[in-house]
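Text of the file coords-v6.cif, holding mmCIF, C-alpha atoms:
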data_start
loop_
_atom_site.group_PDB
_atom_site.id
_atom_site.type_symbol
_atom_site.label_atom_id
_atom_site.label_comp_id
_atom_site.auth_asym_id
_atom_site.auth_seq_id
_atom_site.Cartn_x
_atom_site.Cartn_y
_atom_site.Cartn_z
ATOM 1 C CA MET S 1 2.860 6.974 17.371
ATOM 2 C CA GLY S 2 2.499 3.235 17.918
ATOM 3 C CA PRO S 3 4.378 0.553 15.945
ATOM 4 C CA THR S 4 1.427 -0.248 13.657
ATOM 5 C CA LEU S 5 0.795 3.381 12.793
ATOM 6 C CA ALA S 6 4.475 4.074 12.241
ATOM 7 C CA LYS S 7 4.736 1.134 9.871
ATOM 8 C CA ALA S 8 1.691 2.305 7.889
ATOM 9 C CA TRP S 9 3.058 5.841 7.662
ATOM 10 C CA PHE S 10 6.469 5.005 6.269
ATOM 11 C CA ARG S 11 5.730 2.211 3.846
ATOM 12 C CA PRO S 12 4.782 2.963 0.226
ATOM 13 C CA VAL S 13 1.051 3.355 -0.396
ATOM 14 C CA ASN S 14 -0.531 1.914 -3.540
ATOM 15 C CA ILE S 15 -3.877 3.463 -4.478
ATOM 16 C CA ILE S 16 -6.048 2.297 -7.359
ATOM 17 C CA LEU S 17 -8.274 4.794 -9.162
ATOM 18 C CA ILE S 18 -10.812 2.737 -11.050
ATOM 19 C CA ASN S 19 -13.104 4.093 -13.740
ATOM 20 C CA PRO S 20 -16.260 1.937 -13.847
ATOM 21 C CA ASN S 21 -16.986 2.919 -17.437
ATOM 22 C CA THR S 22 -14.964 1.889 -20.494
ATOM 23 C CA THR S 23 -13.862 5.341 -21.684
ATOM 24 C CA GLU S 24 -10.101 5.237 -21.335
ATOM 25 C CA ALA S 25 -9.710 8.921 -22.212
ATOM 26 C CA MET S 26 -11.703 9.824 -19.097
ATOM 27 C CA THR S 27 -9.497 7.579 -16.970
ATOM 28 C CA ALA S 28 -6.403 9.277 -18.340
ATOM 29 C CA ARG S 29 -7.838 12.733 -17.644
ATOM 30 C CA MET S 30 -8.691 11.812 -14.063
ATOM 31 C CA HIS S 31 -5.208 10.456 -13.447
ATOM 32 C CA ALA S 32 -3.473 13.427 -15.034
ATOM 33 C CA ALA S 33 -5.540 15.886 -13.002
ATOM 34 C CA VAL S 34 -4.914 14.340 -9.579
ATOM 35 C CA ALA S 35 -1.474 12.714 -9.905
ATOM 36 C CA PRO S 36 0.327 15.977 -8.985
ATOM 37 C CA MET S 37 -1.604 16.036 -5.694
ATOM 38 C CA ILE S 38 -0.394 12.750 -4.254
ATOM 39 C CA GLY S 39 2.151 12.666 -1.480
ATOM 40 C CA GLU S 40 5.667 11.289 -1.434
ATOM 41 C CA GLY S 41 5.763 7.520 -1.373
ATOM 42 C CA VAL S 42 2.253 7.193 -2.818
ATOM 43 C CA LYS S 43 1.639 5.390 -6.095
ATOM 44 C CA LEU S 44 -1.583 6.118 -7.951
ATOM 45 C CA THR S 45 -2.571 3.632 -10.648
ATOM 46 C CA ALA S 46 -5.592 4.316 -12.836
ATOM 47 C CA ILE S 47 -7.471 1.460 -14.468
ATOM 48 C CA THR S 48 -10.510 1.303 -16.743
ATOM 49 C CA ALA S 49 -13.315 -1.264 -16.802
ATOM 50 C CA ASP S 50 -12.587 -3.922 -19.417
ATOM 51 C CA TYR S 51 -16.194 -4.039 -20.544
ATOM 52 C CA GLY S 52 -19.522 -2.356 -19.926
ATOM 53 C CA ALA S 53 -20.992 1.059 -20.654
ATOM 54 C CA PRO S 54 -18.933 3.943 -22.089
ATOM 55 C CA SER S 55 -20.592 6.230 -19.542
ATOM 56 C CA ILE S 56 -22.707 5.743 -16.422
ATOM 57 C CA GLU S 57 -25.899 7.758 -16.539
ATOM 58 C CA GLY S 58 -28.554 6.616 -14.105
ATOM 59 C CA TYR S 59 -29.564 3.505 -12.220
ATOM 60 C CA TYR S 60 -29.569 1.064 -15.135
ATOM 61 C CA ASP S 61 -25.990 1.751 -16.184
ATOM 62 C CA GLU S 62 -24.816 1.461 -12.574
ATOM 63 C CA VAL S 63 -25.882 -2.158 -12.219
ATOM 64 C CA PHE S 64 -23.654 -3.379 -15.023
ATOM 65 C CA ALA S 65 -20.602 -1.450 -13.859
ATOM 66 C CA VAL S 66 -20.015 -3.507 -10.717
ATOM 67 C CA PRO S 67 -18.901 -6.911 -12.157
ATOM 68 C CA PRO S 68 -15.961 -5.532 -14.191
ATOM 69 C CA MET S 69 -14.724 -3.636 -11.133
ATOM 70 C CA ILE S 70 -14.815 -6.803 -9.036
ATOM 71 C CA GLU S 71 -12.965 -8.714 -11.754
ATOM 72 C CA ALA S 72 -10.280 -6.043 -11.964
ATOM 73 C CA LEU S 73 -9.725 -5.571 -8.231
ATOM 74 C CA LYS S 74 -10.129 -9.043 -6.752
ATOM 75 C CA PRO S 75 -6.869 -10.476 -8.218
ATOM 76 C CA ILE S 76 -4.805 -7.538 -6.869
ATOM 77 C CA ALA S 77 -6.570 -7.176 -3.524
ATOM 78 C CA ASN S 78 -3.454 -8.045 -1.508
ATOM 79 C CA GLN S 79 -1.280 -5.574 -3.439
ATOM 80 C CA ILE S 80 -3.215 -2.373 -2.834
ATOM 81 C CA ASP S 81 -3.825 0.010 0.066
ATOM 82 C CA GLY S 82 -6.938 1.812 -1.095
ATOM 83 C CA VAL S 83 -9.417 2.265 -3.934
ATOM 84 C CA VAL S 84 -11.102 5.322 -5.392
ATOM 85 C CA VAL S 85 -14.200 4.659 -7.494
ATOM 86 C CA GLY S 86 -14.216 7.309 -10.216
ATOM 87 C CA CYS S 87 -17.950 7.646 -10.734
ATOM 88 C CA PHE S 88 -20.045 10.273 -8.978
ATOM 89 C CA ASP S 89 -22.862 7.779 -8.371
ATOM 90 C CA ASP S 90 -20.433 5.986 -5.997
ATOM 91 C CA THR S 91 -21.150 2.927 -8.106
ATOM 92 C CA GLY S 92 -20.317 -0.378 -6.415
ATOM 93 C CA VAL S 93 -18.610 1.222 -3.410
ATOM 94 C CA ASP S 94 -20.551 -0.823 -0.861
ATOM 95 C CA ALA S 95 -19.876 -4.106 -2.656
ATOM 96 C CA LEU S 96 -16.161 -3.338 -2.910
ATOM 97 C CA ARG S 97 -16.004 -2.492 0.792
ATOM 98 C CA CYS S 98 -17.293 -6.000 1.501
ATOM 99 C CA LEU S 99 -14.797 -7.547 -0.905
ATOM 100 C CA LEU S 100 -11.614 -5.659 0.027
ATOM 101 C CA ASP S 101 -9.892 -5.046 3.354
ATOM 102 C CA VAL S 102 -8.639 -1.576 2.372
ATOM 103 C CA PRO S 103 -10.441 1.793 2.292
ATOM 104 C CA VAL S 104 -12.795 2.222 -0.680
ATOM 105 C CA VAL S 105 -14.043 5.758 -1.310
ATOM 106 C CA GLY S 106 -16.496 7.087 -3.866
ATOM 107 C CA ILE S 107 -15.953 10.521 -5.323
ATOM 108 C CA CYS S 108 -19.438 11.758 -4.391
ATOM 109 C CA GLN S 109 -19.031 11.054 -0.689
ATOM 110 C CA ALA S 110 -15.511 12.484 -0.665
ATOM 111 C CA ALA S 111 -16.605 15.679 -2.400
ATOM 112 C CA MET S 112 -19.495 16.232 -0.014
ATOM 113 C CA GLN S 113 -17.308 15.564 3.016
ATOM 114 C CA ALA S 114 -14.820 18.139 1.748
ATOM 115 C CA ALA S 115 -17.543 20.699 1.032
ATOM 116 C CA THR S 116 -18.961 20.485 4.541
ATOM 117 C CA VAL S 117 -15.570 21.291 6.041
ATOM 118 C CA ILE S 118 -15.072 24.506 4.076
ATOM 119 C CA ALA S 119 -18.632 25.765 3.501
ATOM 120 C CA ASN S 120 -22.010 25.900 5.221
ATOM 121 C CA LYS S 121 -24.019 25.166 2.086
ATOM 122 C CA PHE S 122 -23.232 23.610 -1.266
ATOM 123 C CA SER S 123 -24.932 22.702 -4.523
ATOM 124 C CA ILE S 124 -24.068 19.855 -6.882
ATOM 125 C CA ILE S 125 -23.922 20.235 -10.663
ATOM 126 C CA THR S 126 -24.193 16.963 -12.546
ATOM 127 C CA THR S 127 -24.676 16.039 -16.197
ATOM 128 C CA LEU S 128 -28.161 14.785 -17.115
ATOM 129 C CA PRO S 129 -31.488 15.038 -15.252
ATOM 130 C CA VAL S 130 -31.595 11.231 -15.057
ATOM 131 C CA SER S 131 -28.695 11.381 -12.582
ATOM 132 C CA VAL S 132 -30.346 13.868 -10.231
ATOM 133 C CA PRO S 133 -32.517 11.422 -8.219
ATOM 134 C CA ALA S 134 -29.576 9.079 -7.608
ATOM 135 C CA LEU S 135 -27.461 11.930 -6.293
ATOM 136 C CA GLU S 136 -30.313 13.260 -4.168
ATOM 137 C CA HIS S 137 -30.522 9.825 -2.571
ATOM 138 C CA LEU S 138 -26.781 9.916 -1.839
ATOM 139 C CA VAL S 139 -27.152 13.343 -0.231
ATOM 140 C CA LEU S 140 -29.765 11.857 2.099
ATOM 141 C CA ARG S 141 -27.790 8.707 2.734
ATOM 142 C CA TYR S 142 -24.643 10.604 3.684
ATOM 143 C CA GLY S 143 -26.622 12.929 5.939
ATOM 144 C CA PHE S 144 -26.023 16.202 4.099
ATOM 145 C CA GLU S 145 -29.595 17.130 3.179
ATOM 146 C CA ARG S 146 -29.507 20.244 5.391
ATOM 147 C CA LEU S 147 -26.306 21.472 3.736
ATOM 148 C CA CYS S 148 -27.046 20.672 0.094
ATOM 149 C CA GLY S 149 -29.038 23.434 -1.529
ATOM 150 C CA ARG S 150 -29.856 21.523 -4.690
ATOM 151 C CA VAL S 151 -28.667 18.926 -7.173
ATOM 152 C CA ARG S 152 -28.673 20.583 -10.586
ATOM 153 C CA ALA S 153 -28.292 19.089 -14.065
ATOM 154 C CA ALA S 154 -26.392 20.919 -16.784
ATOM 155 C CA ASP S 155 -28.293 18.717 -19.263
ATOM 156 C CA ILE S 156 -25.195 17.398 -21.020
ATOM 157 C CA PRO S 157 -24.334 13.745 -21.717
ATOM 158 C CA VAL S 158 -21.247 12.502 -19.909
ATOM 159 C CA LEU S 159 -19.375 11.864 -23.136
ATOM 160 C CA ASP S 160 -19.797 15.498 -24.152
ATOM 161 C CA LEU S 161 -17.172 16.178 -21.504
ATOM 162 C CA GLU S 162 -14.800 14.102 -23.617
ATOM 163 C CA GLU S 163 -15.849 15.212 -27.062
ATOM 164 C CA ASN S 164 -16.842 18.872 -26.604
ATOM 165 C CA LEU S 165 -15.566 20.061 -23.236
ATOM 166 C CA GLU S 166 -15.686 23.757 -24.105
ATOM 167 C CA GLN S 167 -19.387 23.747 -24.950
ATOM 168 C CA ALA S 168 -20.176 21.460 -22.015
ATOM 169 C CA THR S 169 -18.353 23.845 -19.693
ATOM 170 C CA GLN S 170 -20.647 26.665 -20.784
ATOM 171 C CA SER S 171 -23.656 24.652 -19.617
ATOM 172 C CA ILE S 172 -21.950 23.841 -16.327
ATOM 173 C CA VAL S 173 -21.070 27.484 -15.759
ATOM 174 C CA ALA S 174 -24.676 28.542 -16.372
ATOM 175 C CA GLU S 175 -25.888 26.174 -13.638
ATOM 176 C CA LEU S 176 -23.060 27.232 -11.334
ATOM 177 C CA GLU S 177 -24.109 30.863 -11.612
ATOM 178 C CA ARG S 178 -27.734 29.946 -10.888
ATOM 179 C CA ALA S 179 -26.657 27.915 -7.857
ATOM 180 C CA LEU S 180 -24.754 30.850 -6.384
ATOM 181 C CA VAL S 181 -27.745 33.178 -6.785
ATOM 182 C CA GLU S 182 -30.779 30.927 -6.334
ATOM 183 C CA ASP S 183 -29.419 28.322 -3.889
ATOM 184 C CA GLY S 184 -27.177 30.575 -1.843
ATOM 185 C CA ALA S 185 -24.401 28.041 -2.364
ATOM 186 C CA GLU S 186 -21.099 28.793 -0.658
ATOM 187 C CA ALA S 187 -19.370 25.944 -2.504
ATOM 188 C CA ILE S 188 -20.039 24.032 -5.701
ATOM 189 C CA ILE S 189 -19.486 20.325 -6.245
ATOM 190 C CA LEU S 190 -18.879 19.087 -9.780
ATOM 191 C CA GLY S 191 -21.009 15.967 -9.996
ATOM 192 C CA CYS S 192 -19.175 13.931 -12.632
ATOM 193 C CA ALA S 193 -15.672 12.528 -12.889
ATOM 194 C CA GLY S 194 -15.455 13.949 -16.399
ATOM 195 C CA MET S 195 -15.470 17.466 -14.891
ATOM 196 C CA VAL S 196 -12.216 16.804 -13.039
ATOM 197 C CA GLU S 197 -10.206 19.459 -14.886
ATOM 198 C CA LEU S 198 -12.590 22.353 -14.213
ATOM 199 C CA SER S 199 -12.240 22.720 -10.460
ATOM 200 C CA ARG S 200 -9.272 25.058 -10.182
ATOM 201 C CA SER S 201 -10.216 27.465 -12.981
ATOM 202 C CA LEU S 202 -13.818 27.798 -11.784
ATOM 203 C CA THR S 203 -12.683 28.342 -8.201
ATOM 204 C CA GLU S 204 -10.483 31.208 -9.339
ATOM 205 C CA ARG S 205 -13.172 32.633 -11.625
ATOM 206 C CA TYR S 206 -15.999 32.719 -9.066
ATOM 207 C CA GLY S 207 -14.141 33.072 -5.788
ATOM 208 C CA VAL S 208 -15.884 30.114 -4.140
ATOM 209 C CA PRO S 209 -14.624 26.555 -3.643
ATOM 210 C CA VAL S 210 -15.466 24.422 -6.666
ATOM 211 C CA ILE S 211 -14.789 20.843 -5.655
ATOM 212 C CA GLU S 212 -14.219 17.819 -7.860
ATOM 213 C CA GLY S 213 -14.489 14.474 -6.157
ATOM 214 C CA VAL S 214 -11.581 12.574 -7.700
ATOM 215 C CA GLY S 215 -8.897 14.626 -5.985
ATOM 216 C CA ALA S 216 -10.898 14.732 -2.756
ATOM 217 C CA ALA S 217 -11.290 10.949 -2.777
ATOM 218 C CA VAL S 218 -7.640 10.255 -3.602
ATOM 219 C CA LYS S 219 -6.467 12.443 -0.732
ATOM 220 C CA LEU S 220 -8.994 10.875 1.645
ATOM 221 C CA VAL S 221 -7.883 7.358 0.746
ATOM 222 C CA GLU S 222 -4.248 8.412 1.024
ATOM 223 C CA GLY S 223 -4.888 9.726 4.532
ATOM 224 C CA LEU S 224 -6.796 6.637 5.660
ATOM 225 C CA ALA S 225 -4.145 4.319 4.255
ATOM 226 C CA THR S 226 -1.219 6.151 5.876
ATOM 227 C CA LEU S 227 -3.111 6.128 9.166
ATOM 228 C CA GLY S 228 -3.444 2.368 8.881
ATOM 229 C CA LEU S 229 -7.249 2.554 8.828
ATOM 230 C CA SER S 230 -9.551 0.423 6.746
ATOM 231 C CA THR S 231 -13.193 -0.526 6.387
ATOM 232 C CA SER S 232 -14.766 -2.218 9.374
ATOM 233 C CA THR S 233 -15.583 -5.884 8.899
ATOM 234 C CA GLN S 234 -18.326 -5.757 11.511
ATOM 235 C CA GLY S 235 -21.952 -5.450 10.449
ATOM 236 C CA GLY S 236 -22.826 -4.285 6.964
ATOM 237 C CA TYR S 237 -19.335 -4.461 5.468
ATOM 238 C CA ALA S 238 -18.561 -7.938 6.768
ATOM 239 C CA PRO S 239 -17.201 -10.270 4.075
ATOM 240 C CA PRO S 240 -20.048 -11.989 2.217
ATOM 241 C CA ARG S 241 -21.071 -15.418 3.498
ATOM 242 C CA LYS S 242 -19.922 -18.315 1.376
ATOM 243 C CA LYS S 243 -22.538 -19.500 -1.054
ATOM 244 C CA MET S 244 -22.778 -20.543 -4.683
ATOM 245 C CA TYR S 245 -24.408 -18.300 -7.248
ATOM 246 C CA SER S 246 -25.933 -19.877 -10.343
ATOM 247 C CA GLY S 247 -25.683 -19.283 -14.070
ATOM 248 C CA ILE S 248 -23.503 -16.495 -15.402
ATOM 249 C CA LEU S 249 -23.073 -15.131 -11.855
ATOM 250 C CA ALA S 250 -21.286 -18.280 -10.647
ATOM 251 C CA PRO S 251 -17.777 -16.712 -10.907
ATOM 252 C CA TYR S 252 -18.835 -14.036 -8.396
ATOM 253 C CA SER S 253 -19.776 -16.573 -5.699
ATOM 254 C CA PRO S 254 -18.188 -15.625 -2.364
ATOM 255 C CA SER S 255 -16.981 -19.194 -2.013
ATOM 256 C CA VAL S 256 -14.996 -19.076 -5.270
ATOM 257 C CA LYS S 257 -11.335 -18.185 -4.829
ATOM 258 C CA SER S 258 -9.679 -15.789 -7.273
#
Conversion result in structure tokens:
Amino acid sequence: MGPTLAKAWFRPVNIILINPNTTEAMTARMHAAVAPMIGEGVKLTAITADYGAPSIEGYYDEVFAVPPMIEALKPIANQIDGVVVGCFDDTGVDALRCLLDVPVVGICQAAMQAATVIANKFSIITTLPVSVPALEHLVLRYGFERLCGRVRAADIPVLDLEENLEQATQSIVAELERALVEDGAEAIILGCAGMVELSRSLTERYGVPVIEGVGAAVKLVEGLATLGLSTSTQGGYAPPRKKMYSGILAPYSPSVKS
């Protein structure tokens, strides 16, 4: 173990779990579910977007979730060792990788990476049909189209997971059972951060891995950070070139210092 790696391994690791929507109860549930999983010397801080949509459901909501994340993370960029974006659309992950010099992981990518290690085929269960195309695009982008049987929608709004979890779970379970029979799924991915608490009980109930992405992403970031690895600054994730934006976007100009 070289000096750089040894230093990264033994120093405290500060991970930020950021919820791109404004629902603080969801942030608290995510943190409570995964905090027991973190290793010794790791600090996990959960933060919620200061403004924006109460839930992210589809392409339109995604666009407006990125600015509040940038505003929250830019001032603390030199104090953190990794970021988990707690939205299954992996909202703003690419932009944050350009902005920060620490690992940034979305919960969709982390969940799919985990599934491919422990199963030959998986299906994803998300909330509303409007989210299905976005997740299908992520499956293709991450190269898992041969392993993903199907992206299924339980047809429940995201906030139902906060307000009526028991009834929402029934809809999720119905799709899970169809995925096992119709898709031949060997593992199930829960395609929404609001499903974070269901993983363990459903795994035990059905005898197959049921993966939620928040825990998978936190552990992935923890591993990358302790290994001293971060996002490459070559090519696509290079820091943005300095230029001035106009109008209400001026504060986000790459030339403007935080």
Point-to-point distance in Å for CA of Glu182 in chain S and CA of Ala110 in chain S: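 Result for CA of Ala110 in chain S versus CA of Glu182 in chain S: 24.6 Å, one decimal.
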On this structure, which residues satisfy the PyMOL selection byres ((chain S and resi 30) around 10), written as number ranges by chain? S: 17-19, 24-29, 31-35, 46, 86, 193-197, 214-215
Using only C-alpha atoms, determine which residues lie at most 9 Å from Leu73 in chain S, disregarding the query and same-chain residues fewer than 4 positions distant; provide the list as number ranges by chain. S: 16, 18, 68-69, 77, 83, 96, 100
Give one line per residue of range 56-154 of chain S that approaches range 233-240 of chain S to at most 7 Å, naming the two atoms of the closest pair and their distance in Å to one decimal, counting only C-alpha atoms; sort by chain then ascending residue number and deliver it as a Markdown table.
| residue | atom | partner | partner_atom | distance |
| --- | --- | --- | --- | --- |
| S:Arg97 | CA | S:Tyr237 | CA | 6.1 |
| S:Cys98 | CA | S:Tyr237 | CA | 4.7 |
| S:Leu99 | CA | S:Pro239 | CA | 6.2 |
Smallest atom-to-atom distance to Ala225 in chain S: which of S:Pro54, S:Gly82, S:Pro67, S:Pro36, using only C-alpha atoms?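 Closest to Ala225 in chain S of all the choices is S:Gly82.
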